[in-house]
Amino acid sequence: MSRPSAPSMPTESQIQDVHKIVAELYPGARIVRVGPEGVSFDYPDTKAPAAPADGWTGSPFSDQAP
């Protein structure tokens, strides 16, 4: 039985091509990681989900009342 081949890294031209496409869709996108699984991007203009307005935001978790 033959051994499975190791995953290959994307080539420089593949990285540049995908970066060009992503930059057209999201101008602020930056490459964060390049690996055998592909190219990962960071989208700095996206906002974090809103925190719930339950009164616990910023409070430590405890069974004691603040």
# chains A, B, ... in the order shown; residues from 1 in each chain; ligands from 1
$ residues_around --residues "range 5-16 of chain A" --least-positions-apart "3" --cutoff "12 Å" --atoms "only C-alpha atoms" --output "short mmCIF file (atom, residue, chain, number, x, y, z; two decimals) with N, CA and C atoms, in the first residue's frame"
data_model
loop_
_atom_site.label_atom_id
_atom_site.label_comp_id
_atom_site.auth_asym_id
_atom_site.auth_seq_id
_atom_site.Cartn_x
_atom_site.Cartn_y
_atom_site.Cartn_z
N SER A 2 0.57 2.21 -0.84
CA SER A 2 1.40 3.41 -0.92
C SER A 2 1.02 4.42 0.16
N HIS A 19 -5.34 36.69 -3.36
CA HIS A 19 -5.29 37.97 -2.65
C HIS A 19 -5.90 39.08 -3.50
N LYS A 20 -5.63 39.06 -4.78
CA LYS A 20 -6.20 40.06 -5.68
C LYS A 20 -7.73 39.98 -5.68
N ILE A 21 -8.27 38.76 -5.74
CA ILE A 21 -9.72 38.57 -5.77
C ILE A 21 -10.35 39.01 -4.45
N VAL A 22 -9.76 38.60 -3.34
CA VAL A 22 -10.30 38.95 -2.03
C VAL A 22 -10.20 40.46 -1.80
N ALA A 23 -9.10 41.08 -2.23
CA ALA A 23 -8.93 42.53 -2.04
C ALA A 23 -9.96 43.32 -2.85
N ARG A 30 -6.32 41.35 4.71
CA ARG A 30 -4.88 41.08 4.77
C ARG A 30 -4.66 39.59 4.91
N ILE A 31 -3.58 39.10 4.37
CA ILE A 31 -3.23 37.69 4.51
C ILE A 31 -2.69 37.49 5.92
N VAL A 32 -3.26 36.51 6.62
CA VAL A 32 -2.83 36.20 7.98
C VAL A 32 -1.95 34.97 8.01
N ARG A 33 -2.32 33.95 7.23
CA ARG A 33 -1.60 32.69 7.29
C ARG A 33 -1.65 32.01 5.94
N VAL A 34 -0.55 31.38 5.58
CA VAL A 34 -0.47 30.57 4.37
C VAL A 34 0.02 29.20 4.80
N GLY A 35 -0.73 28.17 4.44
CA GLY A 35 -0.35 26.82 4.81
C GLY A 35 -0.92 25.81 3.85
N PRO A 36 -0.72 24.54 4.14
CA PRO A 36 -1.24 23.48 3.26
C PRO A 36 -2.76 23.52 3.12
N GLU A 37 -3.43 24.07 4.12
CA GLU A 37 -4.90 24.14 4.05
C GLU A 37 -5.38 25.33 3.25
N GLY A 38 -4.48 26.22 2.84
CA GLY A 38 -4.86 27.36 2.01
C GLY A 38 -4.38 28.67 2.59
N VAL A 39 -5.00 29.75 2.15
CA VAL A 39 -4.63 31.10 2.57
C VAL A 39 -5.74 31.63 3.47
N SER A 40 -5.37 32.13 4.65
CA SER A 40 -6.35 32.70 5.58
C SER A 40 -6.21 34.21 5.59
N PHE A 41 -7.34 34.89 5.66
CA PHE A 41 -7.37 36.35 5.62
C PHE A 41 -7.94 36.93 6.90
#
